[in-house]
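Asks: The structure under discussion is supplied below as structure tokens; questions concerning it will follow.
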Amino acid sequence: MIEVGIVGVRIEMPSNQPLVLLRELHGERHIPIWIGAAEATAIALAEQGVVPPRPLTHDLLCGVVRALGHNILRVNLTKVEEGVFYAELVFDNGTTVSSRASDAIAIAQRAECPIWASEAMVEEAGVVIGGDADAPEDDEAKEREVRQFREFLNDVEPEDFDK
């Protein structure tokens, strides 16, 4: 498994389809995942540190897990088949629960747990879009990576990832 981090959420034009971009923490490959609008909003709000006045669904789930005396230890992005990404939540008692990748990412943010991707998934869906081999450490590096991401999105189509 390869640990990944969230670069950001963006709306791909002209289709207006949201996607989340992940990046290997110790590598140069990025993983774009097209997601739904609700999940994009949930991920973006958490990335910006916005706490809604009432819990969103992902906040609720994390609250229920904590109230039951458990923790989510990690999220595993397990595979991609025909453009659909699969994931699982891993709990402190060893239980795993299947999840959509977008929901798992939103939950990982709230549970403050790491996100891991299978090597096969990164090999299949990962792309190199430039930049340094190390994950960005400062705001300037993060801005540079987001700019490269936007340039990448100008030329990419979802069909580019069909095998």
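Every chain in the structure tokens has a letter given in the order shown (A, B, ...), and although residue numbers restart at 1 in each chain, ligands are simply numbered from 1 in the order shown.
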Give me the residues within 12 Å of Val90 in chain A as a list in words, counting only C-alpha atoms and dropping any in the same chain fewer than 3 places off.
Replies: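 Counting only the stated atoms, we get Val65, His70, Asn71, Ile72, Leu73, Arg74, Val75, Asn76, Leu77, Thr78, Ala87, Asn93, Gly94, Thr95, Thr96, Val97, Ser98, Ser99, Ala104, Ile107, Ala108, Ala111, Cys113, Pro114, Ile115 and Trp116 of chain A.
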Asks: Using only C-alpha atoms, determine which residues lie at most 9 Å from Ala106 in chain A, disregarding the query and same-chain residues fewer than 3 positions distant; provide the list as number ranges by chain.
Replies: A: 39-40, 42-44, 46, 58-59, 101-103, 109-111
Asks: Could you write those residues out with C-alpha atoms, as a compact mmCIF listing (two decimals), in the first residue's frame?
Replies:
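Output file out_22.txt follows:
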# COMPACT_ATOMS: atom_id res chain seq x y z
CA GLU A 39 -18.67 14.70 -1.65
CA ALA A 40 -16.67 17.47 -3.34
CA ALA A 42 -17.65 17.84 2.04
CA ILE A 43 -13.98 17.36 1.14
CA ALA A 44 -13.44 21.02 0.23
CA ALA A 46 -12.84 20.00 5.55
CA HIS A 58 -19.59 12.30 7.10
CA ASP A 59 -19.37 14.19 10.41
CA ALA A 101 -13.71 6.30 -2.47
CA SER A 102 -15.14 9.82 -2.23
CA ASP A 103 -16.96 9.06 1.02
CA GLN A 109 -10.36 13.94 6.86
CA ARG A 110 -12.78 14.02 9.75
CA ALA A 111 -11.30 10.97 11.49
Asks: Take CA of Gly8 in chain A and CA of Gly49 in chain A and report the distance between them in Å, one decimal.
Replies: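 Separation of CA of Gly8 in chain A and CA of Gly49 in chain A: 12.9 Å.
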Asks: When you look at Val128 in chain A with a cut-off of 7 Å (counting only C-alpha atoms), what residues show up, excluding the ones that are within fewer than 2 positions of it in the same chain? I need them as a PyMOL selection string.
Replies: chain A and resi 28-30+126+130
Asks: Could the residues in this selection be written to a file with N, CA and C atoms, as a compact mmCIF listing (two decimals), in the first residue's frame?
Replies:
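After the write, selection-v2.txt holds the following:
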# COMPACT_ATOMS: atom_id res chain seq x y z
N GLU A 28 5.77 10.79 -7.01
CA GLU A 28 5.35 11.89 -7.89
C GLU A 28 4.03 11.64 -8.60
N ARG A 29 3.44 10.48 -8.39
CA ARG A 29 2.18 10.19 -9.08
C ARG A 29 0.99 10.82 -8.36
N HIS A 30 0.05 11.29 -9.18
CA HIS A 30 -1.21 11.87 -8.71
C HIS A 30 -2.34 10.95 -9.14
N GLY A 126 -2.68 6.28 -11.51
CA GLY A 126 -1.75 7.36 -11.21
C GLY A 126 -1.16 8.00 -12.46
N GLY A 130 4.06 16.54 -13.15
CA GLY A 130 5.17 17.49 -12.97
C GLY A 130 5.42 17.81 -11.53
Asks: If you run DSSP over the backbone, which residues in range 56-130 of chain A end up strand (DSSP E or B)? Put them as number ranges by chain.
Replies: A: 72-81, 84-91, 96-100, 115-117, 127-128
Asks: For CA of Glu124 in chain A and CA of Val80 in chain A, determine how far apart the two atoms are, in Å to one decimal place.
Replies: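 These two atoms are separated by 7.8 Å.
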Asks: Go through A:Val122, A:Val4, A:Leu68, A:Met13 one by one, measure the shortest atom-to-atom distance of each to His26 in chain A using only C-alpha atoms, and give the residue with the smallest value.
Replies: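 Answer, going by the shortest atom-to-atom distance: A:Val4.
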Asks: Select, from A:Val50, A:Ile129, A:Ala67, A:Leu61, the residue with the minimum atom-to-atom distance to Leu22 in chain A, counting only C-alpha atoms.
Replies: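 Smallest distance to Leu22 in chain A is found for A:Ile129.
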Asks: What residues in range 17-153 of chain A get the DSSP label alpha helix (DSSP H)? Please answer as JSON, numbers by chain.
Replies: {"A": [37, 38, 39, 40, 41, 42, 43, 44, 45, 46, 47, 57, 58, 59, 60, 61, 62, 63, 64, 65, 66, 67, 101, 102, 103, 104, 105, 106, 107, 108, 109, 110, 111, 119, 120, 121, 122, 123, 124, 125, 139, 140, 141, 142, 143, 144, 145, 146, 147, 148, 149, 150, 151, 152, 153]}
Asks: I'd like the contact shell of Leu19 in chain A - 6 Å cut-off, only C-alpha atoms, skipping same-chain residues fewer than 5 positions apart - returned as a count of residues only.
Replies: 5
Asks: Using only C-alpha atoms, which of A:Gly27, A:Pro53, A:Gly69, A:Gly36 sits nearest Glu123 in chain A?
Replies: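 So, comparing all the options, the nearest one is A:Gly27.
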